[in-house]
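Heads up: the structure comes next, in structure tokens.
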Amino acid sequence: MSVDPLLPQRRARYAGKHPRRFDEKYKEHDAARYAEEASKIVLGGKTLAGTHRSVCVAEILAILDPRPGQVVLDATLGYGGHAREILARIIPGGCLWGIDADPVEIKRTVARLTALGYGEEVFKARCMNFAGVSRLAAEAGQGFDLILADLGVSSMQLDDPARGFTFKHEGPLDLRLNPGRGQSAAALLQSLSEKDFEQILIAHADEPQAKGIAKAVFKCRQPILTTTALCAAVRRALPRPSTDAAEEENTRSVRRTFQALRIAVNDEFQVLEQFLRHLPFCLKPGGKAAILTFHSGEDNRVMQALEAGCVSGVYAAISREPIRAGAQERHDNPRSRSAVVRWAQRSL
Ligand SMILES: C[S@@+](CC[C@H](N)C(=O)[O-])C[C@H]1O[C@@H](n2cnc3c(N)ncnc32)[C@H](O)[C@@H]1O
């Protein structure tokens with residue numbers, strides 16, 4: 001029997017006061033009911049399970065400056081944090097199109113934004129990949145005044161072991177943004193050669209231990225089907241850590257391995273390049289786009305596309321320097337430390 005993720009589920013039992021597993025954190029999943037506990041967690045610098053803390057919100061709002069009546073595309077809706085801020089600024093008369101490739105989380109986000117009073121006339125959601133942005137611009141009519149893309153994955157996706165994005169908990173080695181499309185990371189691994197995998201680790205994550213990790217993974221006699229099995233195989237390839245710093249470096253290698261596989265499974269670089277090619281033509285004349293990236297593989301592609309657009313004349317102006325989160329945000333939300341925002345304005 002399939003389980004509807006939006007229906008209340010029986011709460012997981014756990015021993016002790018501090019639940020560690022995602023499904024045991026029922027107070028975090030119901031922050032409205034357990035407001036005091038939830039606020040303690042947020043004040044402690046953590047993100048509530050099943051939520052996402054939007055990055056560089058002030059910077060993005062300053063760049064895009066959303067106004068009443070504008071037509072906006074949020075190409076990576078996620079938890080809807082940026083979308084919610086934009087929606088509040090474009091009414092009356094405006095409309096936000098929110099898209100996400102993830103059919104599981106988009107349902108929850110639509111339910112949340114609808115509950116806040118944003119009906120279909122102001123908020124139109126589509127489960128789709130942003131590679132198809134030009135189709136959406138045609139559906140929206142004259143294109144968009146503003147476009148936002150906040151790349152990568154959300155905390156909800158990362159935290160949920162069932163999605164296979166986290167190496168911290170046992171789960172299927174999946175890593176797909178849309179679990180109903182394409183092949184899982186486990187299936188992809190089985191179709192690769194050791195050399196292909198090494199190349200993926202280098203090209204997608206600059207992993208210095210790529211050769212050793214690929215060798216260790218391909219030495220496993222059993223197919224690697226779970227997050228913890230991959231994590232253990234990667235750790236076997238790394239030097240035994242004798243200090244905390246060495247242990248952290250090993251953890252970074254595990255994280256980079258998951259990142260590299262995620263990029264491969266979701267074809268993230270090709271999809272991003274396609275989005276960037278269509279982007280200027282989806283903006284109205286004078287319209288603005290802001291793109292938030294989290295690693296150099298993404299940022300280099302964005303920077304090159306914006307510069308090329310400036311040279312060709314489709315963009316009248318682009319950001320010359322990367323814009324980063326302020327000191328307070330970097331302190332409060334470690335995920336914001338690697339964030340880079342760039343923007344471009346369509347020529348008239
Ligand atoms: C960092 S989160 C966005 C968070 C959001 N800005 C917020 O404030 O809650 C990135 C989201 O983009 C989605 N995503 C990533 N690549 C995508 C793609 N190619 N097409 C559509 N959605 C994508 C992910 O599923 C994820 O929900």
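Chains: A, B, ... in order of the structure tokens. Residues: from 1 per chain. Ligands: from 1, in order shown.
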Item checked: Close residues, Arg67 in chain A itself excluded, 12 Å, only C-alpha atoms, min 5 positions apart in chain, as a VMD selection string -> chain A and resid 61 to 62 72 85 to 96 145 to 146
Next item on the list: Report as a list in words: the residues of range 109-327 of chain A with a DSSP assignment of strand (DSSP E), based on the backbone of this structure.
Entry: Phe123, Lys124, Ala125, Arg126, Cys127, Phe144, Asp145, Leu146, Ile147, Leu148, Ala149, Asp150, Leu283, Lys284, Pro285, Gly286, Gly287, Lys288, Ala289, Ala290, Ile291, Leu292, Thr293, Tyr315, Ala316, Ala317 and Ile318 of chain A
Would you mind exporting the chosen residues as a PDB file, in the first residue's frame, restricted to N, CA and C atoms?
ATOM      1  N   PHE A 123      -0.651  32.528  -7.395  1.00  0.00           N
ATOM      2  CA  PHE A 123       0.447  31.570  -7.256  1.00  0.00           C
ATOM      3  C   PHE A 123       0.147  30.322  -8.089  1.00  0.00           C
ATOM      4  N   LYS A 124       0.954  30.133  -9.128  1.00  0.00           N
ATOM      5  CA  LYS A 124       0.739  28.994 -10.022  1.00  0.00           C
ATOM      6  C   LYS A 124       1.940  28.058  -9.893  1.00  0.00           C
ATOM      7  N   ALA A 125       1.672  26.844  -9.450  1.00  0.00           N
ATOM      8  CA  ALA A 125       2.772  25.891  -9.231  1.00  0.00           C
ATOM      9  C   ALA A 125       2.773  24.818 -10.322  1.00  0.00           C
ATOM     10  N   ARG A 126       3.975  24.427 -10.723  1.00  0.00           N
ATOM     11  CA  ARG A 126       4.123  23.338 -11.690  1.00  0.00           C
ATOM     12  C   ARG A 126       5.271  22.445 -11.233  1.00  0.00           C
ATOM     13  N   CYS A 127       5.043  21.131 -11.290  1.00  0.00           N
ATOM     14  CA  CYS A 127       6.153  20.221 -11.018  1.00  0.00           C
ATOM     15  C   CYS A 127       6.864  19.973 -12.338  1.00  0.00           C
ATOM     16  N   PHE A 144       8.658  36.853 -18.080  1.00  0.00           N
ATOM     17  CA  PHE A 144       8.647  37.227 -16.653  1.00  0.00           C
ATOM     18  C   PHE A 144       9.366  38.557 -16.422  1.00  0.00           C
ATOM     19  N   ASP A 145       8.859  39.307 -15.440  1.00  0.00           N
ATOM     20  CA  ASP A 145       9.581  40.516 -15.016  1.00  0.00           C
ATOM     21  C   ASP A 145      10.822  40.128 -14.221  1.00  0.00           C
ATOM     22  N   LEU A 146      10.672  39.059 -13.429  1.00  0.00           N
ATOM     23  CA  LEU A 146      11.769  38.635 -12.546  1.00  0.00           C
ATOM     24  C   LEU A 146      11.859  37.110 -12.541  1.00  0.00           C
ATOM     25  N   ILE A 147      13.098  36.609 -12.488  1.00  0.00           N
ATOM     26  CA  ILE A 147      13.293  35.152 -12.367  1.00  0.00           C
ATOM     27  C   ILE A 147      14.320  34.893 -11.266  1.00  0.00           C
ATOM     28  N   LEU A 148      13.987  33.944 -10.403  1.00  0.00           N
ATOM     29  CA  LEU A 148      14.917  33.532  -9.342  1.00  0.00           C
ATOM     30  C   LEU A 148      15.232  32.051  -9.501  1.00  0.00           C
ATOM     31  N   ALA A 149      16.509  31.692  -9.367  1.00  0.00           N
ATOM     32  CA  ALA A 149      16.886  30.269  -9.271  1.00  0.00           C
ATOM     33  C   ALA A 149      17.857  30.115  -8.099  1.00  0.00           C
ATOM     34  N   ASP A 150      17.490  29.256  -7.159  1.00  0.00           N
ATOM     35  CA  ASP A 150      18.284  28.992  -5.950  1.00  0.00           C
ATOM     36  C   ASP A 150      18.681  27.522  -6.070  1.00  0.00           C
ATOM     37  N   LEU A 283      12.863  36.482 -20.028  1.00  0.00           N
ATOM     38  CA  LEU A 283      12.665  37.738 -19.289  1.00  0.00           C
ATOM     39  C   LEU A 283      12.021  38.764 -20.207  1.00  0.00           C
ATOM     40  N   LYS A 284      11.154  39.594 -19.649  1.00  0.00           N
ATOM     41  CA  LYS A 284      10.632  40.724 -20.424  1.00  0.00           C
ATOM     42  C   LYS A 284      11.775  41.724 -20.612  1.00  0.00           C
ATOM     43  N   PRO A 285      11.689  42.623 -21.607  1.00  0.00           N
ATOM     44  CA  PRO A 285      12.724  43.657 -21.736  1.00  0.00           C
ATOM     45  C   PRO A 285      12.876  44.410 -20.408  1.00  0.00           C
ATOM     46  N   GLY A 286      14.115  44.548 -19.947  1.00  0.00           N
ATOM     47  CA  GLY A 286      14.368  45.233 -18.668  1.00  0.00           C
ATOM     48  C   GLY A 286      14.198  44.324 -17.460  1.00  0.00           C
ATOM     49  N   GLY A 287      13.720  43.076 -17.676  1.00  0.00           N
ATOM     50  CA  GLY A 287      13.500  42.146 -16.556  1.00  0.00           C
ATOM     51  C   GLY A 287      14.820  41.675 -15.939  1.00  0.00           C
ATOM     52  N   LYS A 288      14.724  41.197 -14.700  1.00  0.00           N
ATOM     53  CA  LYS A 288      15.947  40.827 -13.975  1.00  0.00           C
ATOM     54  C   LYS A 288      15.922  39.378 -13.509  1.00  0.00           C
ATOM     55  N   ALA A 289      17.080  38.742 -13.517  1.00  0.00           N
ATOM     56  CA  ALA A 289      17.202  37.375 -12.984  1.00  0.00           C
ATOM     57  C   ALA A 289      18.271  37.358 -11.902  1.00  0.00           C
ATOM     58  N   ALA A 290      18.035  36.582 -10.846  1.00  0.00           N
ATOM     59  CA  ALA A 290      19.051  36.372  -9.803  1.00  0.00           C
ATOM     60  C   ALA A 290      19.252  34.870  -9.645  1.00  0.00           C
ATOM     61  N   ILE A 291      20.518  34.463  -9.564  1.00  0.00           N
ATOM     62  CA  ILE A 291      20.822  33.027  -9.443  1.00  0.00           C
ATOM     63  C   ILE A 291      21.757  32.814  -8.257  1.00  0.00           C
ATOM     64  N   LEU A 292      21.352  31.868  -7.436  1.00  0.00           N
ATOM     65  CA  LEU A 292      22.086  31.562  -6.203  1.00  0.00           C
ATOM     66  C   LEU A 292      22.740  30.192  -6.380  1.00  0.00           C
ATOM     67  N   THR A 293      24.074  30.146  -6.268  1.00  0.00           N
ATOM     68  CA  THR A 293      24.789  28.875  -6.456  1.00  0.00           C
ATOM     69  C   THR A 293      25.533  28.491  -5.178  1.00  0.00           C
ATOM     70  N   TYR A 315      21.847  40.875 -22.434  1.00  0.00           N
ATOM     71  CA  TYR A 315      21.798  41.498 -21.103  1.00  0.00           C
ATOM     72  C   TYR A 315      22.367  42.911 -21.199  1.00  0.00           C
ATOM     73  N   ALA A 316      21.648  43.851 -20.564  1.00  0.00           N
ATOM     74  CA  ALA A 316      22.135  45.236 -20.530  1.00  0.00           C
ATOM     75  C   ALA A 316      23.149  45.394 -19.404  1.00  0.00           C
ATOM     76  N   ALA A 317      22.979  44.624 -18.339  1.00  0.00           N
ATOM     77  CA  ALA A 317      23.884  44.729 -17.182  1.00  0.00           C
ATOM     78  C   ALA A 317      23.923  43.396 -16.453  1.00  0.00           C
ATOM     79  N   ILE A 318      25.090  43.104 -15.850  1.00  0.00           N
ATOM     80  CA  ILE A 318      25.201  41.897 -15.009  1.00  0.00           C
ATOM     81  C   ILE A 318      26.006  42.253 -13.761  1.00  0.00           C
TER      82      ILE A 318
END
Closest atom pairs, range 124-238 of chain A residues within 7 Å of range 255-267 of chain A, only C-alpha atoms, as CSV:
residue,atom,partner,partner_atom,distance
A:Leu175,CA,A:Arg262,CA,5.5
A:Arg176,CA,A:Asn266,CA,6.1
A:Leu177,CA,A:Asn266,CA,6.9
A:Gln183,CA,A:Val265,CA,6.9
A:Ser184,CA,A:Val265,CA,6.7
A:Ala185,CA,A:Val265,CA,5.9
A:Ile200,CA,A:Ala260,CA,6.2
A:Leu201,CA,A:Ala260,CA,5.5
A:His204,CA,A:Ala260,CA,4.8
A:Ala205,CA,A:Ala260,CA,5.3
A:Glu207,CA,A:Arg256,CA,6.5
Grab the residues selected above and save them as a PDB file, in the first residue's frame with N, CA and C atoms.
ATOM      1  N   LEU A 175      19.014   9.680  -4.507  1.00  0.00           N
ATOM      2  CA  LEU A 175      19.562  10.999  -4.893  1.00  0.00           C
ATOM      3  C   LEU A 175      18.858  11.659  -6.080  1.00  0.00           C
ATOM      4  N   ARG A 176      17.662  11.157  -6.447  1.00  0.00           N
ATOM      5  CA  ARG A 176      16.948  11.818  -7.553  1.00  0.00           C
ATOM      6  C   ARG A 176      16.061  12.944  -7.023  1.00  0.00           C
ATOM      7  N   LEU A 177      16.056  14.085  -7.710  1.00  0.00           N
ATOM      8  CA  LEU A 177      15.133  15.166  -7.339  1.00  0.00           C
ATOM      9  C   LEU A 177      13.706  14.706  -7.584  1.00  0.00           C
ATOM     10  N   GLN A 183      17.302   7.115 -13.435  1.00  0.00           N
ATOM     11  CA  GLN A 183      17.780   6.020 -12.598  1.00  0.00           C
ATOM     12  C   GLN A 183      18.370   6.544 -11.297  1.00  0.00           C
ATOM     13  N   SER A 184      18.232   5.727 -10.260  1.00  0.00           N
ATOM     14  CA  SER A 184      18.756   6.095  -8.937  1.00  0.00           C
ATOM     15  C   SER A 184      20.284   6.076  -8.982  1.00  0.00           C
ATOM     16  N   ALA A 185      20.894   6.656  -7.928  1.00  0.00           N
ATOM     17  CA  ALA A 185      22.358   6.646  -7.856  1.00  0.00           C
ATOM     18  C   ALA A 185      22.884   5.211  -7.777  1.00  0.00           C
ATOM     19  N   ILE A 200      33.741  11.346 -12.711  1.00  0.00           N
ATOM     20  CA  ILE A 200      32.594  12.062 -12.133  1.00  0.00           C
ATOM     21  C   ILE A 200      33.015  12.753 -10.832  1.00  0.00           C
ATOM     22  N   LEU A 201      33.791  12.050 -10.022  1.00  0.00           N
ATOM     23  CA  LEU A 201      34.228  12.631  -8.746  1.00  0.00           C
ATOM     24  C   LEU A 201      35.111  13.858  -8.972  1.00  0.00           C
ATOM     25  N   HIS A 204      32.726  16.732 -11.049  1.00  0.00           N
ATOM     26  CA  HIS A 204      31.568  17.283 -10.348  1.00  0.00           C
ATOM     27  C   HIS A 204      31.877  17.762  -8.946  1.00  0.00           C
ATOM     28  N   ALA A 205      33.030  17.365  -8.402  1.00  0.00           N
ATOM     29  CA  ALA A 205      33.275  17.760  -7.006  1.00  0.00           C
ATOM     30  C   ALA A 205      34.752  18.030  -6.703  1.00  0.00           C
ATOM     31  N   GLU A 207      37.180  16.139  -6.298  1.00  0.00           N
ATOM     32  CA  GLU A 207      37.559  15.283  -5.168  1.00  0.00           C
ATOM     33  C   GLU A 207      39.028  14.851  -5.287  1.00  0.00           C
TER      34      GLU A 207
END
Next item on the list: Residues up to 8 Å from ligand 1, counting only C-alpha atoms and all ligand atoms: could you list those as a PyMOL selection string?
Entry: chain A and resi 52-55+57+74-83+99-102+105-106+127-131+149-155+157+177-178+266+268+271-272
Notebook entry, point to check: Residues of range 189-234 of chain A in alpha helix (DSSP H) according to DSSP, as a ChimeraX atom specification?
Noted result: /A:189-191,194-205,210-219,227-234
Please save C-alpha atoms of the selected residues as an mmCIF file, in the first residue's frame.
data_model
loop_
_atom_site.group_PDB
_atom_site.id
_atom_site.type_symbol
_atom_site.label_atom_id
_atom_site.label_comp_id
_atom_site.auth_asym_id
_atom_site.auth_seq_id
_atom_site.Cartn_x
_atom_site.Cartn_y
_atom_site.Cartn_z
ATOM 1 C CA LEU A 189 26.819 3.257 -10.026
ATOM 2 C CA GLN A 190 26.192 -0.234 -11.367
ATOM 3 C CA SER A 191 26.213 1.044 -14.943
ATOM 4 C CA GLU A 194 35.637 2.562 -12.218
ATOM 5 C CA LYS A 195 37.258 5.128 -14.535
ATOM 6 C CA ASP A 196 33.877 6.812 -15.291
ATOM 7 C CA PHE A 197 33.171 7.114 -11.569
ATOM 8 C CA GLU A 198 36.615 8.603 -10.922
ATOM 9 C CA GLN A 199 35.966 11.174 -13.680
ATOM 10 C CA ILE A 200 32.594 12.062 -12.133
ATOM 11 C CA LEU A 201 34.228 12.631 -8.746
ATOM 12 C CA ILE A 202 36.788 14.952 -10.334
ATOM 13 C CA ALA A 203 34.499 16.805 -12.742
ATOM 14 C CA HIS A 204 31.568 17.283 -10.348
ATOM 15 C CA ALA A 205 33.275 17.760 -7.006
ATOM 16 C CA ALA A 210 38.879 10.370 -6.545
ATOM 17 C CA LYS A 211 41.119 7.510 -7.705
ATOM 18 C CA GLY A 212 41.197 5.733 -4.340
ATOM 19 C CA ILE A 213 37.464 6.209 -3.730
ATOM 20 C CA ALA A 214 36.531 4.847 -7.169
ATOM 21 C CA LYS A 215 38.812 1.848 -6.584
ATOM 22 C CA ALA A 216 37.326 1.127 -3.131
ATOM 23 C CA VAL A 217 33.749 1.426 -4.403
ATOM 24 C CA PHE A 218 34.386 -0.910 -7.331
ATOM 25 C CA LYS A 219 36.208 -3.422 -5.100
ATOM 26 C CA THR A 227 23.697 5.562 1.630
ATOM 27 C CA THR A 228 25.549 3.974 4.531
ATOM 28 C CA ALA A 229 27.116 1.287 2.295
ATOM 29 C CA LEU A 230 28.493 3.996 -0.008
ATOM 30 C CA CYS A 231 29.702 6.033 2.963
ATOM 31 C CA ALA A 232 31.522 2.978 4.398
ATOM 32 C CA ALA A 233 33.128 2.172 1.004
ATOM 33 C CA VAL A 234 34.368 5.763 0.605
#
Check: Looking at only C-alpha atoms, which of A:Gly326, A:Pro223, A:Pro334, A:Pro280 is the one that sits closest to Ala137 in chain A?
Finding: A:Pro280
Next item on the list: One decimal, Å: what's the distance from CA of Ser312 in chain A over to CA of Leu279 in chain A, could you say?
Entry: 13.7 Å
Check: A:Cys282, A:Glu121, A:Leu238, A:Pro66: which is nearest Glu139 in chain A, counting only C-alpha atoms?
Finding: A:Cys282
